[in-house]
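Peer 1: Please find run-v8.cif (mmCIF, C-alpha atoms and all ligand atoms) on the next line:
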```cif
data_work
#
loop_
_atom_site.label_atom_id
_atom_site.label_comp_id
_atom_site.auth_asym_id
_atom_site.auth_seq_id
_atom_site.Cartn_x
_atom_site.Cartn_y
_atom_site.Cartn_z
CA MET A 1254 -6.18 11.34 35.41
CA ALA A 1255 -4.21 10.76 32.20
CA GLU A 1256 -6.01 8.73 29.55
CA ASN A 1257 -5.12 5.04 29.53
CA ILE A 1258 -2.89 4.24 26.53
CA LEU A 1259 -5.15 1.29 25.68
CA SER A 1260 -8.10 3.60 25.02
CA ILE A 1261 -6.18 5.46 22.30
CA ASP A 1262 -6.10 4.17 18.72
CA THR A 1263 -2.66 2.86 17.79
CA VAL A 1264 -3.30 3.61 14.13
CA ALA A 1265 -6.36 5.11 12.44
CA LEU A 1266 -7.62 7.30 9.63
CA ASP A 1267 -8.72 10.73 10.78
CA GLU A 1268 -11.52 11.34 8.28
CA GLU A 1269 -11.86 15.04 9.04
CA LYS A 1270 -8.19 15.91 8.92
CA LYS A 1271 -7.59 13.45 6.06
CA ALA A 1272 -4.60 12.21 8.04
CA LEU A 1273 -2.99 9.05 9.36
CA LYS A 1274 -3.42 9.22 13.12
CA ILE A 1275 -0.85 7.35 15.23
CA ILE A 1276 0.58 7.32 18.71
CA ASP A 1277 4.25 8.27 18.39
CA GLN A 1278 5.74 5.08 19.87
CA THR A 1279 9.28 6.44 19.96
CA GLN A 1280 8.18 8.69 22.85
CA LEU A 1281 6.49 6.05 24.98
CA PRO A 1282 6.17 5.54 27.86
CA GLY A 1283 7.31 9.03 28.91
CA LYS A 1284 5.09 11.04 26.61
CA VAL A 1285 1.87 10.20 24.82
CA GLU A 1286 1.88 12.24 21.64
CA ILE A 1287 -0.64 11.77 18.87
CA LEU A 1288 0.58 12.51 15.36
CA TYR A 1289 -1.59 13.43 12.38
CA LEU A 1290 0.38 12.72 9.22
CA THR A 1291 -0.67 13.76 5.75
CA SER A 1292 2.43 13.84 3.55
CA GLN A 1293 3.92 10.69 2.07
CA GLU A 1294 7.37 11.64 3.39
CA ASP A 1295 6.04 11.94 6.96
CA ILE A 1296 4.23 8.61 6.70
CA TYR A 1297 7.34 6.94 5.27
CA GLN A 1298 9.48 8.38 8.06
CA ALA A 1299 6.96 7.34 10.73
CA ILE A 1300 7.26 3.72 9.58
CA TYR A 1301 11.03 3.86 9.07
CA LEU A 1302 11.65 5.48 12.47
CA LEU A 1303 9.25 3.08 14.26
CA LYS A 1304 6.83 5.81 15.32
CA VAL A 1305 4.31 3.26 14.16
CA ARG A 1306 5.68 -0.27 14.31
CA GLY A 1307 4.75 -3.92 14.67
CA ALA A 1308 3.83 -5.87 11.55
CA PRO A 1309 0.01 -5.47 11.56
CA ALA A 1310 0.13 -1.77 12.54
CA ILE A 1311 2.67 -1.09 9.78
CA GLY A 1312 0.31 -2.75 7.28
CA VAL A 1313 -2.65 -0.65 8.39
CA ALA A 1314 -0.57 2.55 8.38
CA ALA A 1315 0.62 1.82 4.84
CA ALA A 1316 -2.92 1.10 3.61
CA ILE A 1317 -4.15 4.40 5.04
CA GLY A 1318 -1.00 6.12 3.77
CA VAL A 1319 -1.46 5.00 0.20
CA TYR A 1320 -5.15 5.95 0.33
CA LEU A 1321 -4.10 9.47 1.41
CA ALA A 1322 -1.60 9.55 -1.47
CA ALA A 1323 -4.41 8.58 -3.86
CA LEU A 1324 -6.57 11.43 -2.55
CA ASP A 1325 -3.91 13.92 -3.64
CA ILE A 1326 -3.73 12.59 -7.20
CA GLU A 1327 -5.27 15.09 -9.59
CA GLU A 1328 -5.11 12.99 -12.77
CA SER A 1329 -8.43 12.42 -14.50
CA SER A 1330 -7.49 9.33 -16.55
CA TYR A 1331 -7.30 5.81 -15.12
CA ASP A 1332 -3.78 5.23 -16.48
CA GLY A 1333 -2.48 8.53 -15.17
CA PHE A 1334 -4.02 7.82 -11.76
CA TYR A 1335 -2.66 4.27 -11.62
CA SER A 1336 0.87 5.30 -12.50
CA LEU A 1337 0.99 7.90 -9.67
CA PHE A 1338 -0.71 5.47 -7.27
CA LYS A 1339 1.91 2.82 -8.07
CA LYS A 1340 4.70 5.31 -7.43
CA ALA A 1341 3.27 6.13 -3.99
CA LYS A 1342 2.81 2.43 -3.25
CA ASP A 1343 6.41 1.58 -4.15
CA TYR A 1344 7.70 4.46 -2.05
CA LEU A 1345 5.86 3.31 1.09
CA ALA A 1346 6.86 -0.31 0.41
CA SER A 1347 10.52 0.71 0.69
CA SER A 1348 10.15 1.98 4.27
CA ARG A 1349 10.96 -1.38 5.96
CA PRO A 1350 11.83 -4.77 4.45
CA THR A 1351 10.96 -7.59 6.86
CA ALA A 1352 7.32 -7.36 7.96
CA VAL A 1353 5.32 -8.86 5.12
CA ASN A 1354 2.14 -7.08 6.28
CA LEU A 1355 3.51 -3.89 4.72
CA PHE A 1356 3.57 -5.50 1.26
CA TRP A 1357 0.43 -7.53 1.88
CA ALA A 1358 -1.61 -4.41 2.73
CA LEU A 1359 -0.18 -2.35 -0.14
CA ASP A 1360 -0.83 -5.21 -2.58
CA ARG A 1361 -4.43 -5.39 -1.38
CA MET A 1362 -4.80 -1.68 -2.02
CA GLU A 1363 -3.27 -1.99 -5.49
CA ARG A 1364 -5.58 -4.89 -6.32
CA VAL A 1365 -8.55 -2.58 -5.78
CA VAL A 1366 -7.23 -0.27 -8.48
CA LEU A 1367 -6.31 -3.12 -10.84
CA GLU A 1368 -9.67 -4.85 -10.44
CA HIS A 1369 -11.47 -1.64 -11.39
CA LYS A 1370 -9.58 -0.88 -14.54
CA GLY A 1371 -11.05 2.07 -16.41
CA GLU A 1372 -12.97 3.40 -13.37
CA SER A 1373 -12.83 7.13 -12.66
CA PRO A 1374 -10.24 8.35 -10.14
CA ALA A 1375 -13.08 9.70 -7.96
CA LYS A 1376 -14.62 6.22 -7.71
CA LEU A 1377 -11.20 4.61 -7.17
CA LYS A 1378 -10.55 6.95 -4.25
CA GLU A 1379 -13.83 5.85 -2.65
CA LEU A 1380 -12.98 2.18 -3.14
CA LEU A 1381 -9.47 2.68 -1.70
CA HIS A 1382 -10.95 4.40 1.33
CA ASP A 1383 -13.22 1.42 1.98
CA GLU A 1384 -10.40 -1.09 1.54
CA ALA A 1385 -8.13 0.76 3.98
CA ILE A 1386 -10.92 0.82 6.57
CA ARG A 1387 -11.59 -2.89 5.94
CA ILE A 1388 -7.91 -3.75 6.48
CA ARG A 1389 -8.01 -1.86 9.77
CA ASP A 1390 -11.28 -3.38 10.98
CA GLU A 1391 -10.25 -6.90 10.02
CA ASP A 1392 -7.11 -6.51 12.11
CA ILE A 1393 -9.22 -6.12 15.26
CA GLU A 1394 -11.27 -9.21 14.47
CA VAL A 1395 -8.20 -11.28 13.58
CA CYS A 1396 -6.31 -10.30 16.74
CA LYS A 1397 -9.32 -11.11 18.90
CA ALA A 1398 -9.53 -14.57 17.30
CA ILE A 1399 -5.80 -15.13 17.92
CA GLY A 1400 -6.40 -14.16 21.54
CA GLU A 1401 -9.24 -16.66 21.90
CA HIS A 1402 -7.14 -19.49 20.46
CA GLY A 1403 -4.13 -18.51 22.56
CA LEU A 1404 -6.23 -18.58 25.73
CA GLU A 1405 -6.89 -22.28 25.14
CA LEU A 1406 -3.20 -22.90 25.78
CA ILE A 1407 -2.83 -21.24 29.18
CA ARG A 1408 -4.43 -21.25 32.60
CA ASP A 1409 -5.32 -18.45 34.95
CA GLY A 1410 -2.26 -17.43 36.96
CA ASP A 1411 0.31 -18.77 34.48
CA GLY A 1412 3.63 -17.02 33.96
CA ILE A 1413 4.14 -15.94 30.36
CA LEU A 1414 7.28 -14.61 28.77
CA THR A 1415 7.16 -12.32 25.75
CA HIS A 1416 9.78 -10.64 23.59
CA CYS A 1417 9.52 -7.24 21.88
CA ASN A 1418 5.99 -5.84 21.64
CA ALA A 1419 3.35 -7.81 19.82
CA GLY A 1420 0.57 -6.23 21.79
CA GLN A 1421 -2.09 -3.65 21.09
CA LEU A 1422 0.61 -1.10 20.26
CA ALA A 1423 1.70 -3.32 17.37
CA THR A 1424 -1.81 -3.77 15.98
CA VAL A 1425 -5.09 -1.89 15.95
CA ARG A 1426 -6.39 -3.57 19.09
CA TYR A 1427 -5.51 -6.55 21.39
CA GLY A 1428 -2.21 -7.42 19.69
CA THR A 1429 -1.22 -10.92 18.66
CA ALA A 1430 1.12 -12.41 21.31
CA LEU A 1431 -0.47 -10.31 24.04
CA ALA A 1432 -4.05 -10.80 22.84
CA PRO A 1433 -4.64 -13.82 25.12
CA VAL A 1434 -3.47 -11.75 28.08
CA HIS A 1435 -5.75 -8.80 27.20
CA LEU A 1436 -8.75 -11.07 26.59
CA GLY A 1437 -8.03 -13.05 29.75
CA ARG A 1438 -7.81 -9.82 31.72
CA GLU A 1439 -11.21 -8.71 30.37
CA ARG A 1440 -12.54 -12.00 31.77
CA GLY A 1441 -11.04 -11.54 35.20
CA MET A 1442 -8.01 -13.79 34.68
CA ASN A 1443 -4.56 -12.80 35.87
CA PHE A 1444 -1.40 -13.85 34.15
CA LYS A 1445 2.12 -13.01 35.28
CA VAL A 1446 3.83 -11.50 32.29
CA PHE A 1447 7.61 -11.29 31.95
CA CYS A 1448 8.66 -8.73 29.35
CA ASP A 1449 12.14 -9.02 27.84
CA GLU A 1450 13.42 -5.47 27.53
CA THR A 1451 14.39 -6.19 23.89
CA ARG A 1452 17.64 -4.45 23.05
CA PRO A 1453 18.42 -2.26 21.21
CA LEU A 1454 15.13 -0.35 20.76
CA LEU A 1455 13.55 -1.56 24.01
CA GLN A 1456 10.10 -2.39 22.68
CA GLY A 1457 9.67 -4.77 25.62
CA ALA A 1458 10.58 -2.22 28.28
CA ARG A 1459 9.03 0.85 26.71
CA LEU A 1460 5.97 -0.69 25.07
CA SER A 1461 5.02 -4.18 26.31
CA SER A 1462 5.57 -3.47 29.98
CA PHE A 1463 3.75 -0.12 29.61
CA GLU A 1464 0.86 -1.80 27.83
CA MET A 1465 0.67 -4.61 30.40
CA VAL A 1466 0.86 -2.29 33.41
CA SER A 1467 -1.82 -0.10 31.78
CA ALA A 1468 -4.03 -3.18 31.46
CA GLY A 1469 -3.56 -3.96 35.15
CA VAL A 1470 -1.53 -7.10 34.46
CA ASP A 1471 1.05 -8.46 36.91
CA THR A 1472 4.12 -7.39 34.91
CA THR A 1473 7.82 -8.00 35.45
CA LEU A 1474 10.44 -6.39 33.25
CA ILE A 1475 13.67 -8.31 32.71
CA CYS A 1476 16.81 -7.60 30.72
CA ASP A 1477 17.13 -9.92 27.74
CA ASN A 1478 19.92 -11.88 29.40
CA MET A 1479 17.70 -12.72 32.41
CA ALA A 1480 15.22 -14.87 30.50
CA SER A 1481 17.15 -18.06 31.10
CA MET A 1482 17.16 -17.45 34.88
CA VAL A 1483 13.45 -16.74 34.93
CA MET A 1484 12.77 -19.92 32.96
CA LYS A 1485 15.07 -21.96 35.19
CA ASN A 1486 13.23 -20.65 38.25
CA GLY A 1487 10.10 -22.30 36.86
CA TRP A 1488 8.24 -19.01 36.53
CA VAL A 1489 7.39 -19.34 32.83
CA LYS A 1490 4.66 -21.72 31.69
CA ALA A 1491 4.70 -20.53 28.06
CA CYS A 1492 6.42 -18.08 25.72
CA PHE A 1493 4.23 -16.04 23.38
CA VAL A 1494 5.82 -13.95 20.64
CA GLY A 1495 4.62 -12.20 17.51
CA CYS A 1496 6.30 -12.30 14.14
CA ASP A 1497 7.02 -10.25 11.06
CA ARG A 1498 7.03 -12.98 8.44
CA VAL A 1499 6.48 -16.72 8.58
CA ALA A 1500 7.89 -18.83 5.74
CA ALA A 1501 5.97 -21.76 4.23
CA ASN A 1502 7.99 -24.23 6.35
CA GLY A 1503 7.09 -22.44 9.61
CA ASP A 1504 10.38 -20.58 10.13
CA ALA A 1505 9.43 -17.26 11.70
CA ALA A 1506 11.22 -13.91 11.57
CA ASN A 1507 10.62 -11.76 14.61
CA LYS A 1508 12.43 -9.13 16.64
CA ILE A 1509 16.11 -9.82 17.19
CA GLY A 1510 16.57 -12.08 20.19
CA THR A 1511 13.44 -14.15 19.59
CA SER A 1512 15.35 -17.20 18.35
CA GLY A 1513 17.45 -17.16 21.52
CA VAL A 1514 14.28 -17.22 23.61
CA ALA A 1515 13.04 -20.20 21.58
CA ILE A 1516 16.31 -22.08 22.11
CA MET A 1517 16.13 -21.47 25.86
CA ALA A 1518 12.47 -22.48 25.98
CA LYS A 1519 13.36 -25.77 24.28
CA HIS A 1520 16.13 -26.35 26.81
CA TYR A 1521 13.78 -25.84 29.74
CA GLY A 1522 10.85 -27.73 28.14
CA ILE A 1523 8.64 -24.64 27.92
CA PRO A 1524 6.18 -24.34 25.00
CA PHE A 1525 7.08 -21.59 22.54
CA TYR A 1526 4.14 -20.12 20.62
CA VAL A 1527 4.32 -17.80 17.62
CA CYS A 1528 1.20 -15.70 17.05
CA ALA A 1529 0.72 -14.84 13.41
CA PRO A 1530 -2.27 -13.46 11.56
CA THR A 1531 -2.43 -15.07 8.10
CA SER A 1532 -1.41 -11.66 6.73
CA THR A 1533 2.01 -12.36 8.28
CA ILE A 1534 2.44 -15.77 6.65
CA ASP A 1535 4.26 -15.60 3.35
CA MET A 1536 3.73 -18.87 1.51
CA SER A 1537 5.87 -17.59 -1.37
CA ILE A 1538 8.95 -17.83 0.86
CA LYS A 1539 10.08 -21.40 1.27
CA GLU A 1540 12.22 -21.07 4.37
CA GLY A 1541 13.45 -18.51 6.85
CA ARG A 1542 16.84 -17.96 5.26
CA ASP A 1543 15.06 -16.33 2.28
CA ILE A 1544 13.48 -13.63 4.47
CA VAL A 1545 15.15 -10.23 4.11
CA ILE A 1546 16.39 -9.10 7.50
CA GLU A 1547 16.46 -5.38 8.13
CA GLU A 1548 19.76 -3.96 9.39
CA ARG A 1549 19.63 -0.68 11.24
CA LYS A 1550 22.04 2.06 12.20
CA ALA A 1551 24.91 1.47 14.63
CA GLY A 1552 23.84 4.42 16.78
CA GLU A 1553 20.80 2.47 17.98
CA VAL A 1554 23.23 0.14 19.75
CA THR A 1555 25.98 2.54 20.79
CA ASP A 1556 24.32 5.87 21.56
CA MET A 1557 20.59 5.95 21.55
CA TRP A 1558 19.72 5.35 25.21
CA TYR A 1559 22.90 6.73 26.79
CA ARG A 1560 23.96 10.22 27.85
CA GLU A 1561 27.26 9.55 26.15
CA PRO A 1562 28.23 6.92 23.58
CA MET A 1563 28.84 3.67 25.49
CA ALA A 1564 31.21 2.12 22.96
CA PRO A 1565 34.58 3.22 21.55
CA GLU A 1566 34.45 5.37 18.46
CA GLY A 1567 35.04 3.36 15.31
CA VAL A 1568 33.99 -0.02 16.73
CA LYS A 1569 32.16 -2.22 14.24
CA VAL A 1570 28.49 -2.75 15.09
CA TYR A 1571 26.12 -5.39 13.77
CA ASN A 1572 22.51 -4.39 14.25
CA PRO A 1573 20.04 -6.77 12.62
CA ALA A 1574 16.48 -5.85 13.63
CA PHE A 1575 15.12 -9.40 13.33
CA ASP A 1576 16.18 -13.01 13.51
CA VAL A 1577 14.61 -16.22 12.31
CA THR A 1578 13.37 -18.87 14.71
CA GLU A 1579 13.62 -22.25 13.06
CA HIS A 1580 10.34 -24.12 12.80
CA MET A 1581 11.57 -27.06 14.89
CA LEU A 1582 11.76 -24.73 17.90
CA ILE A 1583 8.16 -23.59 17.56
CA THR A 1584 5.54 -25.57 19.50
CA ALA A 1585 2.61 -24.06 17.58
CA ILE A 1586 1.73 -21.15 15.34
CA ILE A 1587 -1.49 -19.44 16.38
CA THR A 1588 -3.45 -17.77 13.58
CA GLU A 1589 -6.97 -16.40 13.49
CA PHE A 1590 -8.02 -19.85 12.25
CA GLY A 1591 -6.70 -21.74 15.26
CA ILE A 1592 -3.64 -23.51 16.61
CA THR A 1593 -1.37 -24.99 13.94
CA ARG A 1594 1.18 -27.59 14.96
CA PRO A 1595 4.00 -29.25 13.00
CA PRO A 1596 4.49 -30.32 10.29
CA TYR A 1597 4.06 -26.69 9.25
CA SER A 1598 4.82 -27.28 5.56
CA GLU A 1599 1.58 -29.24 5.38
CA ASN A 1600 -0.51 -27.64 8.09
CA LEU A 1601 0.00 -24.00 7.06
CA LYS A 1602 -1.47 -24.92 3.68
CA LEU A 1603 -4.59 -26.12 5.50
CA VAL A 1604 -4.86 -22.73 7.22
CA PHE A 1605 -4.95 -21.03 3.83
CA GLN A 1606 -7.52 -23.53 2.57
CA LYS A 1607 -9.76 -22.42 5.44
CA LYS A 1608 -9.06 -18.80 4.62
CA ASN A 1609 -9.77 -19.24 0.91
CA ASN A 1610 -13.01 -21.05 1.71
CA ASN A 1611 -14.07 -18.16 3.96
CA LEU A 1612 -14.41 -20.46 6.95
CA PRO A 1613 -14.98 -18.76 10.32
CA HIS A 1614 -12.03 -17.93 12.57
O1 LIG B 1701 10.84 -3.35 14.84
P1 LIG B 1701 9.44 -3.55 15.32
O2 LIG B 1701 9.16 -2.91 16.63
O3 LIG B 1701 8.42 -3.19 14.26
O4 LIG B 1701 9.33 -5.13 15.53
C1 LIG B 1701 8.12 -5.66 15.94
C2 LIG B 1701 8.14 -7.11 16.17
O5 LIG B 1701 9.13 -7.77 16.01
C3 LIG B 1701 6.82 -7.76 16.52
O6 LIG B 1701 7.01 -8.86 17.36
C4 LIG B 1701 6.11 -8.22 15.25
O7 LIG B 1701 6.06 -7.19 14.30
C5 LIG B 1701 4.75 -8.71 15.52
S1 LIG B 1701 3.64 -7.44 16.00
C6 LIG B 1701 2.13 -8.15 16.29
#
```
Output the file's structure as structure tokens, nothing else.
Peer 2:
Amino acid sequence: MAENILSIDTVALDEEKKALKIIDQTQLPGKVEILYLTSQEDIYQAIYLLKVRGAPAIGVAAAIGVYLAALDIEESSYDGFYSLFKKAKDYLASSRPTAVNLFWALDRMERVVLEHKGESPAKLKELLHDEAIRIRDEDIEVCKAIGEHGLELIRDGDGILTHCNAGQLATVRYGTALAPVHLGRERGMNFKVFCDETRPLLQGARLSSFEMVSAGVDTTLICDNMASMVMKNGWVKACFVGCDRVAANGDAANKIGTSGVAIMAKHYGIPFYVCAPTSTIDMSIKEGRDIVIEERKAGEVTDMWYREPMAPEGVKVYNPAFDVTEHMLITAIITEFGITRPPYSENLKLVFQKKNNNLPH
């Protein structure tokens, strides 16, 4: 029997091969191909092309990627090492603009080098290795905590709607939005999950529904424009989504279409929860309109999933990869530190106080 996708690491460091190991998510669900990437160009392309995707997984991939870049640096002086390290860091940071985890993880890696000024490159490489592994391990712990807190908000048998994929395939394990479902499943609970297909790259159809079916969850795939009907039918008790960057006021950027789901949820009186590890909260950004939204190629809309182009040649295409859900549409933001409710401008600060005081999740 083929190996269950959930037993394969989404993103890891292969110590022997000195490679970034990922599942190529562009090929799922049809083909499970594991990639071992060593060159910076390949790692950049893997992030840009969404072979590894989802904010936390991108962060972990970048941390491992920049560690691998450091390994290749042959400079013997600290300054020489740092300047090449910084170049590699900036290169990986330019692979995608919206998910703050990419910058957060790379900044953490850079801090290791800066805090050990004057250290030998050999020692710096060791320290960078340990930091990359820590970033990866912490992701598992954080996602599990988000799952535990999310479970407090739902009951066995509930219908849950999700958009895009903020599941295990977007993290190291468990996911964020789908963590409560995975944890609940481990405990014998059964939720009914509705996956929006998530045009144009179909992360809901190809990834979330695959992940949910693989976990043995009662899964229903719907086209994005069916969500309203499903909500109206009374089948959805809660919406759970992930996010790529939360601003200090609680506005949350997530996969394109998320804000529409939030608007519909409000209309039907359904709670709308955003699951966000603190690594996805960017307190330096005041509000959602300041978040850079990635725009992608027209072909993803017009050609990618069709035998022939399905739109007339020359038509203008607008293809933003994310949108911003305004904070007033969000019932709660679930972090590893618990369930945060409005007013977010005040309450998100409290989350970071807990984090800075090393309080438990
Ligand atoms: O373009 P993608 O597939 O990287 O977009 C992913 C999402 O929008 C996820 O919901 C988000 O990154 C959270 S993943 C836990």
Peer 1: Please identify all protein, DNA and RNA residues within 8 Å of ligand LIG 1701 (chain B), counting all atoms listed in the file, and report them as JSON, numbers by chain.
Peer 2: {"A": [1303, 1305, 1306, 1307, 1308, 1309, 1310, 1311, 1352, 1416, 1417, 1418, 1419, 1420, 1421, 1423, 1424, 1428, 1429, 1430, 1454, 1456, 1494, 1495, 1496, 1497, 1506, 1507, 1508, 1509, 1528, 1529, 1574, 1575]}
Peer 1: List the spatial neighbours of region 1540-1552 of chain A as a list in words - criterion: any atom at most 8 Å away, only C-alpha atoms, same-chain residues fewer than 2 positions off excluded.
Peer 2: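 That gives Arg1349, Pro1350, Thr1351, Arg1498, Val1499, Ala1500, Ala1501, Asn1502, Gly1503, Asp1504, Ala1505, Ala1506, Ile1538, Val1554, Thr1555, Asp1556, Met1557, Val1570, Tyr1571, Asn1572, Pro1573, Ala1574, Phe1575, Asp1576, Val1577, Thr1578 and Glu1579 of chain A.
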Peer 1: Give me the residues within 7 Å of Thr1415 (chain A) as a VMD selection string, counting all atoms listed in the file and dropping any in the same chain fewer than 2 places off.
Peer 2: chain A and resid 1413 1417 1447 to 1449 1492 to 1494
Peer 1: Tell me, as a PyMOL selection string, which residues lie within 8 Å of Ile1516 (chain A), counting all atoms listed in the file; anything in the same chain fewer than 4 positions away does not count.
Peer 2: chain A and resi 1512+1520+1582
Peer 1: Once you have the residues from the selection above, write them out as a PDB file, in the coordinates of the input, restricted to C-alpha atoms.
Peer 2:
```pdb
ATOM      1  CA  SER A1512      15.350 -17.200  18.350  1.00  0.00           C
ATOM      2  CA  HIS A1520      16.130 -26.350  26.810  1.00  0.00           C
ATOM      3  CA  LEU A1582      11.760 -24.730  17.900  1.00  0.00           C
TER       4      LEU A1582
END
```
Peer 1: Between CA of Leu1431 (chain A) and CA of Glu1391 (chain A), measure the distance and give it in Å to one decimal.
Peer 2: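 These atoms are spaced 17.4 Å apart.
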Peer 1: Hey, which of A:Arg1459, A:Lys1397, A:Lys1569, A:Arg1426 ends up closest to Ser1260 (chain A)? Count all atoms listed in the file.
Peer 2: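 Among A:Arg1459, A:Lys1397, A:Lys1569, A:Arg1426, it is A:Arg1426 that comes nearest to Ser1260 (chain A).
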Peer 1: For CA of Lys1445 (chain A) and CA of Met1581 (chain A), determine how far apart the two atoms are, in Å to one decimal place.
Peer 2: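 A separation of 26.5 Å between them.
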Peer 1: Report, as JSON, the centre and edge lengths in Å (one decimal) of the axis-aligned box enclosing every listed atom of region 1267-1274 of chain A, padded by 5 Å on each side.
Peer 2:
```
{"center_x": -7.4, "center_y": 12.5, "center_z": 9.6, "size_x": 18.9, "size_y": 16.9, "size_z": 17.1}
```
Peer 1: So the first atom is CA of Arg1364 (chain A) and the second is CA of Val1319 (chain A); what is the distance between them in Å, to one decimal place?
Peer 2: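 Computed distance, CA of Arg1364 (chain A) to CA of Val1319 (chain A), equals 12.5 Å.
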